[in-house]
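Content type PDB, C-alpha atoms, from the file entry-v2.pdb:
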ATOM      1  CA  ALA A 266     -24.871 -26.307 -26.690
ATOM      2  CA  GLY A 267     -23.422 -23.227 -25.008
ATOM      3  CA  VAL A 268     -20.200 -23.523 -27.010
ATOM      4  CA  ILE A 269     -22.162 -23.783 -30.267
ATOM      5  CA  ARG A 270     -24.165 -20.644 -29.420
ATOM      6  CA  TYR A 271     -21.003 -18.645 -28.680
ATOM      7  CA  ALA A 272     -19.384 -19.905 -31.880
ATOM      8  CA  ALA A 273     -22.456 -18.898 -33.880
ATOM      9  CA  LEU A 274     -22.455 -15.440 -32.269
ATOM     10  CA  PHE A 275     -18.771 -14.976 -33.059
ATOM     11  CA  LEU A 276     -19.251 -15.996 -36.703
ATOM     12  CA  THR A 277     -22.220 -13.644 -37.019
ATOM     13  CA  LEU A 278     -20.204 -10.713 -35.657
ATOM     14  CA  LEU A 279     -17.261 -11.579 -37.878
ATOM     15  CA  GLY A 280     -19.494 -11.793 -40.948
ATOM     16  CA  THR A 281     -21.119  -8.454 -40.146
ATOM     17  CA  TRP A 282     -17.711  -6.829 -39.735
ATOM     18  CA  PHE A 283     -16.617  -8.251 -43.111
ATOM     19  CA  ILE A 284     -19.732  -6.885 -44.849
ATOM     20  CA  VAL A 285     -19.229  -3.435 -43.329
ATOM     21  CA  GLN A 286     -15.586  -3.403 -44.403
ATOM     22  CA  THR A 287     -16.374  -4.645 -47.923
ATOM     23  CA  TYR A 288     -19.539  -2.844 -48.987
ATOM     24  CA  PHE A 289     -19.679   0.460 -47.135
ATOM     25  CA  ASP A 290     -18.085   3.594 -48.545
ATOM     26  CA  GLN A 291     -14.299   3.506 -48.096
ATOM     27  CA  SER A 292     -14.268   7.114 -46.902
ATOM     28  CA  TRP A 293     -15.737   5.911 -43.615
ATOM     29  CA  LYS A 294     -13.411   5.673 -40.678
ATOM     30  CA  THR A 295     -11.827   2.220 -40.600
ATOM     31  CA  ILE A 296     -13.521  -0.167 -38.186
ATOM     32  CA  SER A 297     -10.993  -2.465 -36.552
ATOM     33  CA  LEU A 298     -11.849  -5.979 -35.467
ATOM     34  CA  ARG A 299     -10.706  -5.075 -31.947
ATOM     35  CA  SER A 300     -13.123  -2.137 -31.664
ATOM     36  CA  TRP A 301     -15.964  -4.121 -33.287
ATOM     37  CA  LEU A 302     -15.692  -7.159 -31.024
ATOM     38  CA  GLY A 303     -14.489  -5.310 -27.945
ATOM     39  CA  GLU A 304     -11.407  -5.808 -25.807
ATOM     40  CA  ALA A 305     -13.005  -8.504 -23.652
ATOM     41  CA  LEU A 306     -13.398 -10.994 -26.515
ATOM     42  CA  LEU A 307      -9.772 -10.776 -27.639
ATOM     43  CA  PRO A 308      -6.912 -12.429 -25.728
ATOM     44  CA  GLN A 309      -4.730 -10.173 -23.579
ATOM     45  CA  LEU A 310      -0.971 -10.601 -23.627
ATOM     46  CA  MET A 311       0.828 -11.309 -20.366
ATOM     47  CA  CYS A 312       1.215  -8.168 -18.230
ATOM     48  CA  ARG A 313      -0.873  -6.483 -20.980
ATOM     49  CA  ASN A 314       2.324  -5.916 -22.935
ATOM     50  CA  GLN A 315       2.298  -4.833 -26.558
ATOM     51  CA  LYS A 316       4.215  -7.893 -27.747
ATOM     52  CA  SER A 317       4.151 -11.529 -26.695
ATOM     53  CA  CYS A 318       7.254 -13.257 -25.358
ATOM     54  CA  PRO A 319       8.823 -16.366 -26.896
ATOM     55  CA  GLN A 320       9.095 -19.647 -25.057
ATOM     56  CA  ASN A 321      11.472 -19.638 -22.070
ATOM     57  CA  TYR A 322      11.083 -15.888 -21.537
ATOM     58  CA  PHE A 323       9.168 -14.077 -18.791
ATOM     59  CA  ALA A 324       6.949 -11.116 -19.662
ATOM     60  CA  PHE A 325       7.416  -8.106 -17.414
ATOM     61  CA  LYS A 326       6.308  -4.503 -17.030
ATOM     62  CA  ILE A 327       7.720  -1.935 -14.601
ATOM     63  CA  ILE A 328       6.214   1.514 -14.019
ATOM     64  CA  SER A 329       7.843   3.987 -11.664
ATOM     65  CA  GLY A 330       5.871   6.135  -9.277
ATOM     66  CA  ALA A 331       4.471   9.488 -10.366
ATOM     67  CA  ALA A 332       5.843  12.247  -8.103
ATOM     68  CA  ASN A 333       4.896  11.325  -4.513
ATOM     69  CA  VAL A 334       1.265  10.660  -5.413
ATOM     70  CA  VAL A 335       0.966   7.438  -7.433
ATOM     71  CA  GLY A 336       2.964   4.421  -6.310
ATOM     72  CA  PRO A 337       5.047   2.153  -8.558
ATOM     73  CA  PHE A 338       3.771  -0.921 -10.392
ATOM     74  CA  ILE A 339       5.493  -4.188 -11.273
ATOM     75  CA  CYS A 340       4.158  -7.124 -13.287
ATOM     76  CA  PHE A 341       6.227 -10.262 -13.778
ATOM     77  CA  ASN A 342       5.101 -13.473 -15.451
ATOM     78  CA  ASP A 343       1.550 -12.035 -15.486
ATOM     79  CA  GLU A 344       1.468 -11.452 -11.715
ATOM     80  CA  ILE A 345       0.875  -7.851 -10.651
ATOM     81  CA  HIS A 346       2.604  -6.257  -7.674
ATOM     82  CA  SER A 347       2.140  -2.637  -6.617
ATOM     83  CA  SER A 348       3.027  -0.587  -3.580
ATOM     84  CA  VAL A 349       0.398   0.466  -1.068
ATOM     85  CA  ASN A 350       3.015   1.934   1.269
ATOM     86  CA  SER A 351       3.025   5.689   0.710
ATOM     87  CA  LEU A 352       6.314   6.020   2.616
ATOM     88  CA  CYS A 353       8.387   3.735   0.417
ATOM     89  CA  SER A 354      10.812   5.347  -2.010
ATOM     90  CA  ALA A 355      11.953   2.187  -3.752
ATOM     91  CA  LEU A 356      10.169  -1.054  -4.552
ATOM     92  CA  ASN A 357      12.155  -4.261  -5.081
ATOM     93  CA  PHE A 358      11.030  -7.767  -5.981
ATOM     94  CA  THR A 359      13.054 -10.923  -6.556
ATOM     95  CA  PHE A 360      11.896 -13.858  -8.659
ATOM     96  CA  SER A 361      13.295 -17.270  -9.437
ATOM     97  CA  GLY A 362      15.114 -17.104 -12.746
ATOM     98  CA  THR A 363      14.037 -20.680 -13.432
ATOM     99  CA  SER A 364      10.357 -20.798 -12.439
ATOM    100  CA  GLY A 365       9.415 -17.117 -12.297
ATOM    101  CA  GLN A 366       8.037 -17.606  -8.789
ATOM    102  CA  LEU A 367       8.072 -14.628  -6.423
ATOM    103  CA  LEU A 368      10.792 -15.152  -3.830
ATOM    104  CA  LYS A 369      10.873 -11.914  -1.864
ATOM    105  CA  ALA A 370       9.470  -8.384  -1.915
ATOM    106  CA  GLY A 371      10.622  -5.256  -0.166
ATOM    107  CA  THR A 372       9.803  -1.551   0.041
ATOM    108  CA  PHE A 373      12.395   0.874   1.337
ATOM    109  CA  ASP A 374      12.323   4.491   2.481
ATOM    110  CA  MET A 375      15.323   5.942   0.679
ATOM    111  CA  TYR A 376      14.756   9.481   1.940
ATOM    112  CA  SER A 377      14.816   9.078   5.722
ATOM    113  CA  GLY A 378      14.722   5.321   6.379
ATOM    114  CA  ASP A 379      17.301   2.732   7.404
ATOM    115  CA  VAL A 380      19.361   1.912   4.307
ATOM    116  CA  ASN A 381      20.810  -1.161   6.042
ATOM    117  CA  LYS A 382      17.498  -2.935   5.399
ATOM    118  CA  LEU A 383      18.021  -2.553   1.659
ATOM    119  CA  ASP A 384      21.650  -3.627   2.030
ATOM    120  CA  THR A 385      20.523  -6.848   3.729
ATOM    121  CA  PHE A 386      17.832  -7.443   1.107
ATOM    122  CA  LEU A 387      20.338  -7.134  -1.744
ATOM    123  CA  ARG A 388      23.113  -9.151  -0.063
ATOM    124  CA  GLU A 389      20.785 -12.119   0.430
ATOM    125  CA  ILE A 390      19.896 -12.396  -3.267
ATOM    126  CA  LYS A 391      21.124 -15.708  -4.627
ATOM    127  CA  HIS A 392      22.752 -16.501  -7.974
ATOM    128  CA  GLY A 393      20.249 -16.805 -10.822
ATOM    129  CA  THR A 394      17.627 -14.598  -9.157
ATOM    130  CA  ILE A 395      15.880 -11.928 -11.242
ATOM    131  CA  VAL A 396      15.463  -8.534  -9.565
ATOM    132  CA  LEU A 397      12.940  -5.839 -10.513
ATOM    133  CA  THR A 398      13.129  -2.313  -9.108
ATOM    134  CA  ALA A 399      10.878   0.722  -9.472
ATOM    135  CA  SER A 400      11.464   4.124  -7.899
ATOM    136  CA  TYR A 401       8.945   6.324  -6.131
ATOM    137  CA  ASP A 402       9.344   9.866  -4.791
ATOM    138  CA  ASP A 403      13.096   9.836  -4.000
ATOM    139  CA  PRO A 404      15.242   6.724  -4.536
ATOM    140  CA  ALA A 405      18.684   8.209  -3.921
ATOM    141  CA  THR A 406      19.091  10.364  -0.801
ATOM    142  CA  LYS A 407      20.048   7.416   1.419
ATOM    143  CA  MET A 408      21.751   5.413  -1.321
ATOM    144  CA  ASN A 409      25.431   4.906  -0.523
ATOM    145  CA  ASP A 410      28.329   3.360  -2.430
ATOM    146  CA  LYS A 411      27.638  -0.087  -0.975
ATOM    147  CA  ILE A 412      24.041  -0.096  -2.226
ATOM    148  CA  ARG A 413      25.081   1.192  -5.629
ATOM    149  CA  ALA A 414      27.689  -1.584  -5.866
ATOM    150  CA  HIS A 415      24.987  -4.199  -5.216
ATOM    151  CA  PHE A 416      22.930  -2.885  -8.123
ATOM    152  CA  VAL A 417      25.996  -2.706 -10.376
ATOM    153  CA  GLU A 418      26.557  -6.384  -9.595
ATOM    154  CA  LEU A 419      22.970  -7.027 -10.722
ATOM    155  CA  GLY A 420      23.723  -5.362 -14.074
ATOM    156  CA  SER A 421      22.777  -1.704 -13.556
ATOM    157  CA  SER A 422      24.441   0.973 -15.678
ATOM    158  CA  HIS A 423      22.579   3.980 -14.260
ATOM    159  CA  VAL A 424      22.578   3.494 -10.497
ATOM    160  CA  SER A 425      25.868   5.375 -10.106
ATOM    161  CA  LYS A 426      24.177   8.486 -11.566
ATOM    162  CA  LEU A 427      20.935   8.170  -9.606
ATOM    163  CA  GLY A 428      20.103  11.407  -7.793
ATOM    164  CA  PHE A 429      17.485  13.107  -5.641
ATOM    165  CA  ARG A 430      13.946  12.510  -6.949
ATOM    166  CA  ASP A 431      15.136  10.856 -10.167
ATOM    167  CA  ASN A 432      12.897   8.196 -11.679
ATOM    168  CA  TRP A 433      14.372   4.756 -12.287
ATOM    169  CA  VAL A 434      13.148   1.340 -13.425
ATOM    170  CA  PHE A 435      15.434  -1.670 -13.634
ATOM    171  CA  LEU A 436      15.463  -5.417 -14.217
ATOM    172  CA  GLY A 437      18.674  -7.288 -13.503
ATOM    173  CA  ALA A 438      19.862 -10.618 -12.180
ATOM    174  CA  LYS A 439      22.429 -12.007  -9.797
ATOM    175  CA  GLY A 440      25.261 -13.524 -11.801
ATOM    176  CA  LEU A 441      24.943 -11.469 -14.995
ATOM    177  CA  LYS A 442      28.166 -11.400 -17.000
ATOM    178  CA  SER A 443      27.265  -8.131 -18.732
ATOM    179  CA  LYS A 444      25.094  -5.064 -18.195
ATOM    180  CA  SER A 445      21.335  -5.498 -18.180
ATOM    181  CA  PRO A 446      19.528  -4.197 -21.289
ATOM    182  CA  PHE A 447      16.458  -3.490 -19.148
ATOM    183  CA  GLU A 448      16.948  -0.145 -17.426
ATOM    184  CA  GLU A 449      15.635   3.402 -17.791
ATOM    185  CA  HIS A 450      16.524   6.524 -15.837
ATOM    186  CA  ILE A 451      15.319  10.116 -16.016
ATOM    187  CA  LYS A 452      16.893  12.966 -14.066
ATOM    188  CA  ASN A 453      15.050  15.359 -11.795
ATOM    189  CA  ASP A 454      15.452  18.628 -13.710
ATOM    190  CA  LYS A 455      13.288  21.665 -13.010
ATOM    191  CA  ASN A 456      13.541  22.683 -16.671
ATOM    192  CA  THR A 457      12.118  19.412 -17.976
ATOM    193  CA  ASN A 458      10.122  17.968 -15.058
ATOM    194  CA  LYS A 459       6.551  16.990 -15.850
ATOM    195  CA  TYR A 460       5.394  17.403 -12.262
ATOM    196  CA  ASP A 461       6.238  20.116  -9.748
ATOM    197  CA  GLY A 462       9.575  18.860  -8.426
ATOM    198  CA  TRP A 463       9.555  15.445 -10.125
ATOM    199  CA  PRO A 464      10.205  14.108 -13.639
ATOM    200  CA  GLU A 465       7.617  12.133 -15.583
ATOM    201  CA  LEU A 466       7.053   8.491 -14.703
ATOM    202  CA  LEU A 467       8.901   5.750 -16.556
ATOM    203  CA  GLU A 468       7.336   2.657 -18.092
ATOM    204  CA  MET A 469       9.330  -0.298 -19.387
ATOM    205  CA  GLU A 470       8.192  -3.684 -20.651
ATOM    206  CA  GLY A 471       9.879  -6.637 -22.264
ATOM    207  CA  CYS A 472      10.847 -10.301 -22.093
ATOM    208  CA  ALA A 473      13.423 -11.556 -19.593
ATOM    209  CA  PRO A 474      15.170 -14.842 -20.449
ATOM    210  CA  ARG A 475      14.530 -17.823 -18.208
ATOM    211  CA  LYS A 476      17.584 -19.300 -16.487
ATOM    212  CA  MET A 477      18.156 -22.715 -18.012
ATOM    213  CA  ASP A 478      19.886 -25.213 -15.709
TER
END
Could I get this file's structure written as C-alpha coordinates?
Amino acid sequence: AGVIRYAALFLTLLGTWFIVQTYFDQSWKTISLRSWLGEALLPQLMCRNQKSCPQNYFAFKIISGAANVVGPFICFNDEIHSSVNSLCSALNFTFSGTSGQLLKAGTFDMYSGDVNKLDTFLREIKHGTIVLTASYDDPATKMNDKIRAHFVELGSSHVSKLGFRDNWVFLGAKGLKSKSPFEEHIKNDKNTNKYDGWPELLEMEGCAPRKMD
(Lines of atoms letter the chains of each structure in order from A and count residues from 1; the text may use other names and numbers.)
(Lines give C-alpha, C1' and ligand atoms only; values in the text may rest on other atoms or scores of the structure.)
Protein backbone atom coordinates (compact mmCIF):
# COMPACT_ATOMS: atom_id res chain seq x y z
CA ALA A 1 0.00 0.00 0.00
CA GLY A 2 2.86 2.35 0.85
CA VAL A 3 4.50 1.75 -2.52
CA ILE A 4 1.23 2.50 -4.33
CA ARG A 5 0.83 5.78 -2.43
CA TYR A 6 4.36 6.90 -3.31
CA ALA A 7 3.83 5.92 -6.95
CA ALA A 8 0.59 7.90 -7.05
CA LEU A 9 2.30 10.93 -5.50
CA PHE A 10 5.12 10.74 -8.03
CA LEU A 11 2.70 10.52 -10.97
CA THR A 12 0.71 13.46 -9.61
CA LEU A 13 3.85 15.61 -9.33
CA LEU A 14 5.00 14.55 -12.78
CA GLY A 15 1.60 15.37 -14.29
CA THR A 16 1.55 18.78 -12.61
CA TRP A 17 5.03 19.54 -13.91
CA PHE A 18 3.93 18.55 -17.44
CA ILE A 19 0.88 20.83 -17.28
CA VAL A 20 2.97 23.77 -16.06
CA GLN A 21 5.50 23.22 -18.84
CA THR A 22 2.81 22.83 -21.52
CA TYR A 23 0.15 25.42 -20.74
CA PHE A 24 1.83 28.29 -18.91
CA ASP A 25 3.34 31.22 -20.79
CA GLN A 26 6.68 30.25 -22.34
CA SER A 27 8.27 33.50 -21.15
CA TRP A 28 8.29 32.06 -17.64
CA LYS A 29 11.58 30.82 -16.31
CA THR A 30 11.99 27.15 -17.22
CA ILE A 31 11.08 24.78 -14.40
CA SER A 32 13.35 21.74 -14.40
CA LEU A 33 12.20 18.35 -13.20
CA ARG A 34 15.09 18.35 -10.71
CA SER A 35 14.01 21.63 -9.10
CA TRP A 36 10.32 20.62 -9.14
CA LEU A 37 10.80 17.24 -7.48
CA GLY A 38 13.79 18.21 -5.36
CA GLU A 39 17.25 16.69 -5.12
CA ALA A 40 16.21 14.05 -2.58
CA LEU A 41 13.83 12.26 -4.96
CA LEU A 42 16.38 11.90 -7.77
CA PRO A 43 19.22 9.37 -7.66
CA GLN A 44 22.69 10.69 -6.82
CA LEU A 45 25.69 9.49 -8.80
CA MET A 46 28.56 7.84 -6.95
CA CYS A 47 30.76 10.40 -5.17
CA ARG A 48 28.16 12.95 -6.38
CA ASN A 49 30.04 13.17 -9.66
CA GLN A 50 28.58 14.87 -12.71
CA LYS A 51 28.77 11.73 -14.85
CA SER A 52 28.23 8.07 -14.09
CA CYS A 53 30.99 5.51 -14.61
CA PRO A 54 30.71 2.47 -16.88
CA GLN A 55 30.92 -1.07 -15.60
CA ASN A 56 34.34 -2.10 -14.25
CA TYR A 57 35.30 1.49 -13.41
CA PHE A 58 35.51 3.14 -9.99
CA ALA A 59 34.05 6.61 -9.46
CA PHE A 60 36.34 9.00 -7.62
CA LYS A 61 36.59 12.63 -6.56
CA ILE A 62 39.63 14.36 -5.07
CA ILE A 63 39.60 17.89 -3.63
CA SER A 64 42.76 19.49 -2.32
CA GLY A 65 42.85 21.55 0.84
CA ALA A 66 42.07 25.26 0.78
CA ALA A 67 45.06 27.21 2.16
CA ASN A 68 45.74 25.88 5.68
CA VAL A 69 42.10 26.17 6.72
CA VAL A 70 40.00 23.50 4.99
CA GLY A 71 41.38 19.98 4.79
CA PRO A 72 41.42 17.77 1.68
CA PHE A 73 38.63 15.41 0.61
CA ILE A 74 38.75 12.07 -1.18
CA CYS A 75 35.87 9.89 -2.37
CA PHE A 76 36.51 6.53 -4.00
CA ASN A 77 33.89 3.98 -5.02
CA ASP A 78 31.30 6.12 -3.17
CA GLU A 79 33.20 6.02 0.14
CA ILE A 80 34.20 9.41 1.53
CA HIS A 81 37.51 10.04 3.28
CA SER A 82 38.62 13.43 4.60
CA SER A 83 41.37 14.67 6.86
CA VAL A 84 40.67 15.78 10.41
CA ASN A 85 44.38 16.22 11.15
CA SER A 86 45.14 19.93 10.85
CA LEU A 87 48.89 19.21 10.82
CA CYS A 88 48.94 16.97 7.76
CA SER A 89 50.24 18.44 4.52
CA ALA A 90 49.49 15.48 2.29
CA LEU A 91 46.73 12.88 2.36
CA ASN A 92 47.26 9.48 0.74
CA PHE A 93 44.93 6.51 0.37
CA THR A 94 45.48 3.15 -1.31
CA PHE A 95 42.71 0.95 -2.67
CA SER A 96 42.57 -2.48 -4.21
CA GLY A 97 42.54 -2.11 -7.98
CA THR A 98 40.34 -5.20 -8.19
CA SER A 99 37.72 -4.71 -5.46
CA GLY A 100 38.00 -1.00 -4.68
CA GLN A 101 38.40 -1.81 -0.99
CA LEU A 102 40.38 0.62 1.16
CA LEU A 103 43.75 -0.92 1.98
CA LYS A 104 45.65 1.82 3.78
CA ALA A 105 45.42 5.51 4.62
CA GLY A 106 48.07 7.96 5.69
CA THR A 107 48.50 11.66 6.46
CA PHE A 108 51.94 13.21 6.37
CA ASP A 109 53.42 16.49 7.57
CA MET A 110 55.45 17.58 4.56
CA TYR A 111 56.55 20.87 6.10
CA SER A 112 58.31 19.79 9.30
CA GLY A 113 57.52 16.08 9.73
CA ASP A 114 59.45 12.87 9.17
CA VAL A 115 59.46 12.20 5.42
CA ASN A 116 60.66 8.63 6.02
CA LYS A 117 57.11 7.74 7.07
CA LEU A 118 55.85 8.67 3.61
CA ASP A 119 58.76 6.80 2.03
CA THR A 120 57.76 3.64 3.91
CA PHE A 121 54.09 4.11 3.00
CA LEU A 122 54.90 4.39 -0.71
CA ARG A 123 57.47 1.56 -0.78
CA GLU A 124 54.95 -0.89 0.69
CA ILE A 125 52.36 -0.30 -2.05
CA LYS A 126 51.83 -3.50 -4.00
CA HIS A 127 51.37 -4.00 -7.74
CA GLY A 128 47.83 -3.26 -8.93
CA THR A 129 47.04 -0.88 -6.06
CA ILE A 130 45.32 2.43 -6.83
CA VAL A 131 46.70 5.48 -5.01
CA LEU A 132 44.88 8.77 -4.41
CA THR A 133 46.67 11.87 -3.13
CA ALA A 134 45.45 15.32 -2.14
CA SER A 135 47.62 18.18 -0.93
CA TYR A 136 46.97 20.51 1.98
CA ASP A 137 48.91 23.59 3.10
CA ASP A 138 52.41 22.63 1.86
CA PRO A 139 53.10 19.28 0.16
CA ALA A 140 56.67 19.87 -1.00
CA THR A 141 59.09 21.29 1.58
CA LYS A 142 60.15 17.86 2.86
CA MET A 143 59.71 16.07 -0.46
CA ASN A 144 63.02 14.66 -1.68
CA ASP A 145 64.10 12.90 -4.87
CA LYS A 146 63.28 9.48 -3.43
CA ILE A 147 59.68 10.45 -2.67
CA ARG A 148 59.26 12.08 -6.07
CA ALA A 149 60.57 8.91 -7.73
CA HIS A 150 57.91 6.85 -5.92
CA PHE A 151 55.16 9.07 -7.31
CA VAL A 152 56.68 9.00 -10.80
CA GLU A 153 56.52 5.20 -10.59
CA LEU A 154 52.82 5.55 -9.76
CA GLY A 155 52.29 7.59 -12.94
CA SER A 156 52.75 11.21 -11.84
CA SER A 157 53.85 13.81 -14.38
CA HIS A 158 53.80 16.84 -12.07
CA VAL A 159 55.47 15.70 -8.86
CA SER A 160 58.91 16.74 -10.11
CA LYS A 161 57.65 20.35 -10.35
CA LEU A 162 55.80 20.38 -7.03
CA GLY A 163 56.86 23.34 -4.89
CA PHE A 164 56.18 25.14 -1.63
CA ARG A 165 52.44 25.55 -0.97
CA ASP A 166 51.43 24.28 -4.42
CA ASN A 167 48.12 22.47 -4.71
CA TRP A 168 48.11 18.97 -6.15
CA VAL A 169 45.61 16.15 -6.67
CA PHE A 170 46.60 12.81 -8.16
CA LEU A 171 45.32 9.31 -8.85
CA GLY A 172 47.83 6.70 -9.97
CA ALA A 173 48.54 3.01 -9.60
CA LYS A 174 51.45 0.71 -8.93
CA GLY A 175 52.43 -0.99 -12.17
CA LEU A 176 51.20 1.63 -14.65
CA LYS A 177 52.94 1.37 -18.01
CA SER A 178 52.25 5.02 -18.88
CA LYS A 179 51.54 8.32 -17.17
CA SER A 180 48.29 8.70 -15.26
CA PRO A 181 45.65 10.89 -16.94
CA PHE A 182 44.31 11.83 -13.50
CA GLU A 183 46.46 14.63 -12.11
CA GLU A 184 46.16 18.39 -11.58
CA HIS A 185 48.69 20.85 -10.21
CA ILE A 186 48.58 24.58 -9.58
CA LYS A 187 51.60 26.64 -8.57
CA ASN A 188 51.81 28.92 -5.56
CA ASP A 189 52.12 32.32 -7.25
CA LYS A 190 51.48 35.57 -5.40
CA ASN A 191 50.21 37.15 -8.62
CA THR A 192 47.51 34.54 -9.18
CA ASN A 193 46.85 33.06 -5.72
CA LYS A 194 43.22 33.01 -4.63
CA TYR A 195 44.09 33.01 -0.94
CA ASP A 196 46.74 34.99 0.92
CA GLY A 197 49.82 32.84 0.29
CA TRP A 198 48.05 29.86 -1.32
CA PRO A 199 46.55 29.07 -4.73
CA GLU A 200 42.91 28.07 -5.18
CA LEU A 201 41.87 24.53 -4.31
CA LEU A 202 41.78 21.84 -6.98
CA GLU A 203 38.89 19.48 -7.65
CA MET A 204 39.12 16.45 -9.92
CA GLU A 205 36.64 13.66 -10.59
CA GLY A 206 36.47 10.76 -12.97
CA CYS A 207 36.36 7.00 -13.50
CA ALA A 208 39.36 4.80 -12.73
CA PRO A 209 39.51 1.43 -14.51
CA ARG A 210 39.24 -1.70 -12.40
CA LYS A 211 42.21 -4.07 -12.55
CA MET A 212 41.02 -7.20 -14.32
CA ASP A 213 42.89 -10.38 -13.35
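For Val380 (chain A), the list of residues within 8 Å, based on only C-alpha atoms and with local chain neighbours fewer than 5 positions off taken out, reads A:Phe373, A:Asp374, A:Met375, A:Lys407, A:Met408.
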Show me, as CSV, the residues of region 344-418 of chain A having an atom within 12 Å of region 467-473 of chain A, each with the closest atom pair and its distance in Å, using only C-alpha atoms.
residue,atom,partner,partner_atom,distance
A:Phe360,CA,A:Ala473,CA,11.3
A:Ser361,CA,A:Ala473,CA,11.7
A:Gly362,CA,A:Ala473,CA,9.0
A:Thr363,CA,A:Ala473,CA,11.0
A:Gly365,CA,A:Ala473,CA,10.0
A:Thr394,CA,A:Ala473,CA,11.7
A:Ile395,CA,A:Ala473,CA,8.7
A:Val396,CA,A:Ala473,CA,10.7
A:Leu397,CA,A:Ala473,CA,10.7
A:Thr398,CA,A:Met469,CA,11.1
A:Ala399,CA,A:Leu467,CA,8.9
A:Ser400,CA,A:Leu467,CA,9.2
A:Tyr401,CA,A:Leu467,CA,10.4
Note to self: Considering only C-alpha atoms, can you say which of A:Cys340, A:Ile327, A:Leu419, A:Ile390 comes closest to Thr359 (chain A)?
What the structure shows: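 Checking each of A:Cys340, A:Ile327, A:Leu419, A:Ile390 against Thr359 (chain A), counting only C-alpha atoms, the winner is A:Ile390.
Rounded to one decimal, CA of Lys326 (chain A) and CA of Ile412 (chain A) lie 23.5 Å from each other.
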Margin query: Ranking A:Asn381, A:Ser364, A:Asn342, A:Ser329 by minimum distance to Arg313 (chain A) and counting all atoms listed in the file, which one comes first?
Written below: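 Between A:Asn381, A:Ser364, A:Asn342, A:Ser329, the residue approaching Arg313 (chain A) most closely is A:Asn342.
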Next item on the list: Determine, counting only C-alpha atoms, which protein, DNA and RNA residues have an atom within 7 Å of an atom of Ser421 (chain A); residues of the same chain fewer than 6 positions away are not included. Present the result as a count of residues only.
Entry: 3
Notebook entry, point to check: Any idea what's packed within 12 Å of Pro404 (chain A), counting all atoms listed in the file, ignoring anything in its chain fewer than 2 positions away? Could you give it as a ChimeraX atom specification?
Noted result: /A:329-330,332-333,337,352-357,372-378,380,383,398-402,406-409,412-413,424,426-434,450-453,463
Item checked: Coordinates-based distance that separates CA of Phe338 (chain A) from CA of Gln320 (chain A) (Å, one decimal) ->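 CA of Gln320 (chain A) sits 24.4 Å away from CA of Phe338 (chain A).
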Next item on the list: Grab the CA of Pro446 (chain A) to CA of Asp410 (chain A) distance for me, in Å with one decimal place.
Entry: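 Between these atoms lies a distance of 22.1 Å.
For the residues A:Leu367, A:Ala414, A:Leu436, A:Leu466, ranking by smallest atom-to-atom distance to Phe325 (chain A) using only C-alpha atoms places A:Leu436 first.
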Checklist line | Shortest interatomic distance to Gly462 (chain A) - which of A:Lys411, A:Ala331, A:Lys316, A:Gly393, counting only C-alpha atoms | finding: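 Counting only C-alpha atoms, the residue closest to Gly462 (chain A) is A:Ala331.
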Next item on the list: Tell me, as a VMD selection string, which residues lie within 12 Å of Glu389 (chain A), counting all atoms listed in the file; anything in the same chain fewer than 2 positions away does not count.
Entry: chain A and resid 359 368 to 369 382 to 387 391 to 392 394 396 415 439
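Distances to Ser443 (chain A) were evaluated for A:Lys459, A:Gly420, A:Glu465, A:Asp379 using all atoms listed in the file, and the minimum falls at A:Gly420.
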Using all atoms of region 362-375 of chain A listed in the file and a margin of 6 Å per side, can you give the axis-aligned box centre and edge lengths in Å to one decimal, as AutoDock Vina command-line options?
--center_x 11.7 --center_y -7.4 --center_z -5.5 --size_x 19.3 --size_y 38.7 --size_z 27.9
